[in-house]
$ cat query_34.txt   # compact mmCIF, C-alpha atoms
# COMPACT_ATOMS: atom_id res chain seq x y z
CA MET A 49 82.13 144.32 130.58
CA VAL A 50 78.72 142.79 130.80
CA PRO A 51 76.92 140.16 128.73
CA GLY A 52 75.67 141.73 125.53
CA ASP A 53 78.55 144.21 125.14
CA ARG A 54 79.96 144.47 121.64
CA VAL A 55 83.57 143.27 121.90
CA CYS A 56 86.55 142.42 119.73
CA PHE A 57 89.83 140.63 120.34
CA CYS A 58 93.03 139.28 118.88
CA HIS A 59 94.22 136.21 120.71
CA GLY A 60 96.82 133.63 119.84
CA GLY A 61 98.18 134.91 116.55
CA ILE A 62 99.89 132.96 113.82
CA GLY A 63 100.92 129.47 114.87
CA ALA A 64 99.39 129.77 118.33
CA THR A 65 95.92 129.33 119.86
CA TYR A 66 93.16 129.28 117.25
CA GLY A 67 90.21 131.62 117.37
CA THR A 68 91.20 135.07 116.16
CA TYR A 69 88.77 134.79 113.26
CA ALA A 70 86.07 132.80 115.08
CA GLU A 71 82.52 134.02 115.36
CA TYR A 72 82.37 132.84 118.99
CA ALA A 73 85.20 132.20 121.43
CA VAL A 74 85.85 131.79 125.15
CA LEU A 75 88.69 134.10 126.15
CA PRO A 76 90.38 135.69 129.14
CA ALA A 77 88.82 139.10 129.86
CA ASP A 78 92.17 140.89 129.51
CA VAL A 79 92.33 140.20 125.74
CA ILE A 80 88.86 141.64 125.04
CA ALA A 81 88.12 145.26 124.13
CA ILE A 82 84.76 147.03 124.05
CA ILE A 83 83.84 148.18 120.54
CA PRO A 84 82.96 151.90 120.57
CA PRO A 85 79.40 152.59 119.36
CA GLU A 86 80.62 154.39 116.22
CA VAL A 87 82.69 151.37 115.06
CA ASP A 88 80.99 148.59 113.10
CA PHE A 89 81.66 144.89 113.66
CA VAL A 90 83.63 144.43 110.42
CA THR A 91 86.05 147.23 111.31
CA ALA A 92 86.34 145.99 114.89
CA ALA A 93 87.10 142.46 113.70
CA ALA A 94 89.76 143.64 111.25
CA LEU A 95 91.55 146.17 113.43
CA PRO A 96 93.16 144.18 116.28
CA LEU A 97 95.40 141.88 114.22
CA VAL A 98 96.60 144.71 111.96
CA PHE A 99 97.06 147.12 114.84
CA ILE A 100 98.97 144.66 117.02
CA THR A 101 101.20 143.62 114.11
CA VAL A 102 102.12 147.19 113.22
CA ALA A 103 102.48 148.33 116.83
CA GLU A 104 104.88 145.47 117.50
CA SER A 105 106.79 146.32 114.33
CA LEU A 106 107.14 150.06 114.86
CA TYR A 107 107.15 150.30 118.66
CA ASP A 108 108.68 147.07 119.96
CA ARG A 109 111.05 146.13 117.15
CA GLY A 110 111.60 149.44 115.37
CA ASP A 111 111.65 151.60 118.52
CA VAL A 112 110.27 154.59 116.61
CA GLN A 113 111.07 157.88 118.34
CA ALA A 114 109.81 161.45 118.13
CA GLY A 115 111.49 163.46 115.40
CA GLU A 116 112.75 160.45 113.45
CA PHE A 117 112.24 160.20 109.71
CA VAL A 118 110.11 157.12 109.02
CA LEU A 119 109.27 155.57 105.66
CA ILE A 120 106.11 153.44 105.57
CA HIS A 121 105.44 151.58 102.34
CA ALA A 122 101.84 151.40 101.06
CA GLY A 123 100.63 154.10 103.42
CA ALA A 124 96.99 153.81 102.35
CA GLY A 125 96.95 150.01 102.57
CA GLY A 126 95.96 147.65 105.39
CA THR A 127 99.06 147.80 107.57
CA GLY A 128 100.44 150.99 106.03
CA HIS A 129 97.59 153.25 107.08
CA ILE A 130 97.91 152.03 110.67
CA GLY A 131 101.70 152.48 110.48
CA VAL A 132 101.38 156.11 109.39
CA GLN A 133 99.12 156.86 112.35
CA LEU A 134 101.20 154.99 114.94
CA ALA A 135 104.47 156.60 113.81
CA ARG A 136 102.85 160.05 113.94
CA LEU A 137 101.42 159.24 117.37
CA ARG A 138 105.02 158.80 118.57
CA GLY A 139 105.97 162.14 117.02
CA ALA A 140 107.88 160.79 114.03
CA ARG A 141 107.95 162.49 110.65
CA VAL A 142 106.36 160.13 108.14
CA ALA A 143 106.81 159.59 104.41
CA THR A 144 104.94 156.87 102.59
CA THR A 145 104.75 155.26 99.19
CA VAL A 146 101.39 155.20 97.39
CA SER A 147 100.08 154.24 93.96
CA SER A 148 97.62 157.07 93.26
CA ASP A 149 96.65 160.64 94.09
CA ARG A 150 93.60 159.35 95.97
CA LYS A 151 95.81 157.16 98.16
CA ALA A 152 98.23 160.05 98.65
CA ALA A 153 95.34 162.14 99.99
CA VAL A 154 94.32 159.33 102.37
CA ALA A 155 97.89 158.97 103.67
CA LYS A 156 98.27 162.71 104.18
CA ASP A 157 94.93 162.88 105.99
CA LEU A 158 96.27 160.18 108.33
CA GLY A 159 99.41 162.20 109.09
CA ALA A 160 101.97 161.48 106.39
CA GLU A 161 104.13 164.49 105.70
CA LEU A 162 105.18 163.17 102.29
CA ALA A 163 103.32 160.80 99.96
CA ILE A 164 105.57 159.41 97.23
CA SER A 165 103.89 158.06 94.11
CA TYR A 166 106.09 155.04 93.42
CA ARG A 167 104.70 154.78 89.88
CA ASP A 168 105.96 158.28 89.01
CA GLN A 169 108.87 158.78 91.40
CA ASP A 170 111.91 156.92 92.65
CA PHE A 171 111.02 156.55 96.32
CA VAL A 172 114.70 156.37 97.32
CA ALA A 173 115.47 159.72 95.66
CA ALA A 174 112.32 161.27 97.15
CA ALA A 175 113.19 160.01 100.65
CA MET A 176 116.76 161.24 100.37
CA ASN A 177 115.54 164.65 99.20
CA TRP A 178 113.01 164.78 102.07
CA THR A 179 115.73 164.05 104.64
CA SER A 180 118.29 166.41 103.03
CA ALA A 181 120.36 163.38 101.88
CA ARG A 182 120.56 161.94 105.41
CA GLY A 183 118.21 159.00 104.84
CA VAL A 184 115.37 157.64 106.93
CA ASP A 185 115.83 156.37 110.48
CA LEU A 186 113.21 153.64 110.29
CA ALA A 187 111.40 151.93 107.43
CA LEU A 188 108.44 149.58 107.54
CA ASP A 189 108.45 147.17 104.62
CA ASN A 190 105.10 145.54 104.07
CA VAL A 191 105.54 144.95 100.34
CA GLY A 192 108.28 142.36 99.91
CA HIS A 193 111.85 141.45 99.15
CA GLU A 194 112.43 143.62 96.08
CA VAL A 195 111.10 146.79 97.73
CA MET A 196 112.96 146.04 100.94
CA GLN A 197 116.25 145.69 99.06
CA LYS A 198 115.69 149.08 97.43
CA THR A 199 114.69 150.57 100.80
CA PHE A 200 118.20 149.95 102.12
CA GLU A 201 119.38 152.68 99.73
CA ALA A 202 117.09 155.19 101.50
CA MET A 203 118.38 154.47 105.01
CA ALA A 204 120.36 156.76 107.29
CA PRO A 205 123.51 155.34 108.90
CA TYR A 206 122.40 152.91 111.62
CA GLY A 207 118.81 153.15 110.39
CA ARG A 208 116.42 150.27 111.05
CA VAL A 209 114.24 148.28 108.66
CA VAL A 210 111.37 146.14 109.90
CA THR A 211 109.56 143.90 107.44
CA LEU A 212 106.22 142.18 107.75
CA THR A 213 106.69 139.98 104.71
CA GLY A 214 109.80 137.98 105.51
CA THR A 215 112.52 137.45 102.97
CA THR A 216 114.07 134.35 101.53
CA GLY A 217 116.65 133.00 103.95
CA ASP A 218 116.06 135.74 106.53
CA THR A 219 113.05 134.43 108.41
CA ASN A 220 111.36 131.33 109.70
CA GLU A 221 107.99 130.69 108.03
CA SER A 222 106.27 130.85 111.41
CA ASP A 223 107.58 134.37 112.19
CA PRO A 224 106.21 136.91 109.70
CA ILE A 225 107.88 139.85 111.42
CA THR A 226 111.58 139.82 110.69
CA PRO A 227 113.87 141.38 113.31
CA ILE A 228 115.31 144.82 112.76
CA LEU A 229 117.97 144.92 110.09
CA PRO A 230 120.44 147.72 110.91
CA PHE A 231 121.81 149.56 107.90
CA ILE A 232 125.30 150.91 108.31
CA THR A 233 126.99 153.17 105.76

$ encode --input "query_34.txt" --output "structure tokens"
Amino acid sequence: MVPGDRVCFCHGGIGATYGTYAEYAVLPADVIAIIPPEVDFVTAAALPLVFITVAESLYDRGDVQAGEFVLIHAGAGGTGHIGVQLARLRGARVATTVSSDRKAAVAKDLGAELAISYRDQDFVAAAMNWTSARGVDLALDNVGHEVMQKTFEAMAPYGRVVTLTGTTGDTNESDPITPILPFIT
């Protein structure tokens, strides 16, 4: 890196060092990334926090593996569209919930094998059909308590659920990523 390079970063996170959303910051070089020429500043500023959050959720906490059935809620949304891509990058088979045909097309373009319109379909039934009644191995809940509770019905034995939203009584306010919740049938 040299002075004048276009860079982005995510440093500190929630409850830690301030500065992730600052216009200017002094940082260690190892937390800075060069912005590719084809990426604009707005995209570069938005990507690190979302990417790191979802990577930690799916890779570190969810331990997504090749061939696993993964359900990502809101697959065309902020964290969902990154989740679809990261799960596919690991070789997982991905289903996602979406609210419209346009969002279904976006999710499929990003690698989702199945886009479930939650307004028209029961996502649990669709996921169970997709997995031949086995259930999904890993689910990423980025919607909230009610959806997460229903997601448990779509899980395979010993499947894992990772949530970004926290649930009443399950998480400390300062930790938005709840640990894996194993589902055992």

$ residues_around --input "query_34.txt" --residues "Ala103 in chain A" --least-positions-apart "5" --cutoff "9 Å" --atoms "all atoms listed in the file" --output "list in words"
Val98, Asp108, Arg109, Ile130, Gly131 and Leu134 of chain A

$ atom_distance --input "query_34.txt" --atom1 "CA of Asp189 in chain A" --atom2 "CA of Ile83 in chain A"
29.3 Å

$ closest_residue --input "query_34.txt" --among "A:Val195, A:Ala174, A:Val210, A:Ala160" --to "Gly110 in chain A" --atoms "all atoms listed in the file"
A:Val210

$ closest_residue --input "query_34.txt" --among "A:Gly192, A:Ala204, A:Asp88, A:Glu104" --to "Ser180 in chain A" --atoms "all atoms listed in the file"
A:Ala204

$ residues_around --input "query_34.txt" --residues "Ser148 in chain A" --least-positions-apart "2" --cutoff "9 Å" --atoms "only C-alpha atoms" --output "PyMOL selection string"
chain A and resi 146+150-153+165-167

$ atom_distance --input "query_34.txt" --atom1 "CA of Gly123 in chain A" --atom2 "CA of Gly207 in chain A"
19.5 Å

$ atom_distance --input "query_34.txt" --atom1 "CA of Ala92 in chain A" --atom2 "CA of Val154 in chain A"
20.0 Å

$ residues_around --input "query_34.txt" --residues "Ala143 in chain A" --least-positions-apart "6" --cutoff "12 Å" --atoms "only C-alpha atoms" --output "PyMOL selection string"
chain A and resi 116-124+128-129+131-133+135-136+152+155-156+158-166+171-172+174-179+183-188+202

$ closest_residue --input "query_34.txt" --among "A:Gln113, A:Leu106, A:Cys58, A:Gly139" --to "Ala94 in chain A" --atoms "all atoms listed in the file"
A:Cys58

$ closest_residue --input "query_34.txt" --among "A:Leu97, A:Ile80, A:Leu75, A:Val112" --to "Met49 in chain A" --atoms "only C-alpha atoms"
A:Ile80

$ residues_near_point --input "query_34.txt" --point "(114.8, 144.2, 103.1)" --cutoff "9 Å" --atoms "all atoms listed in the file" --output "ChimeraX atom specification"
/A:189,192-200,209-211,214-215,229
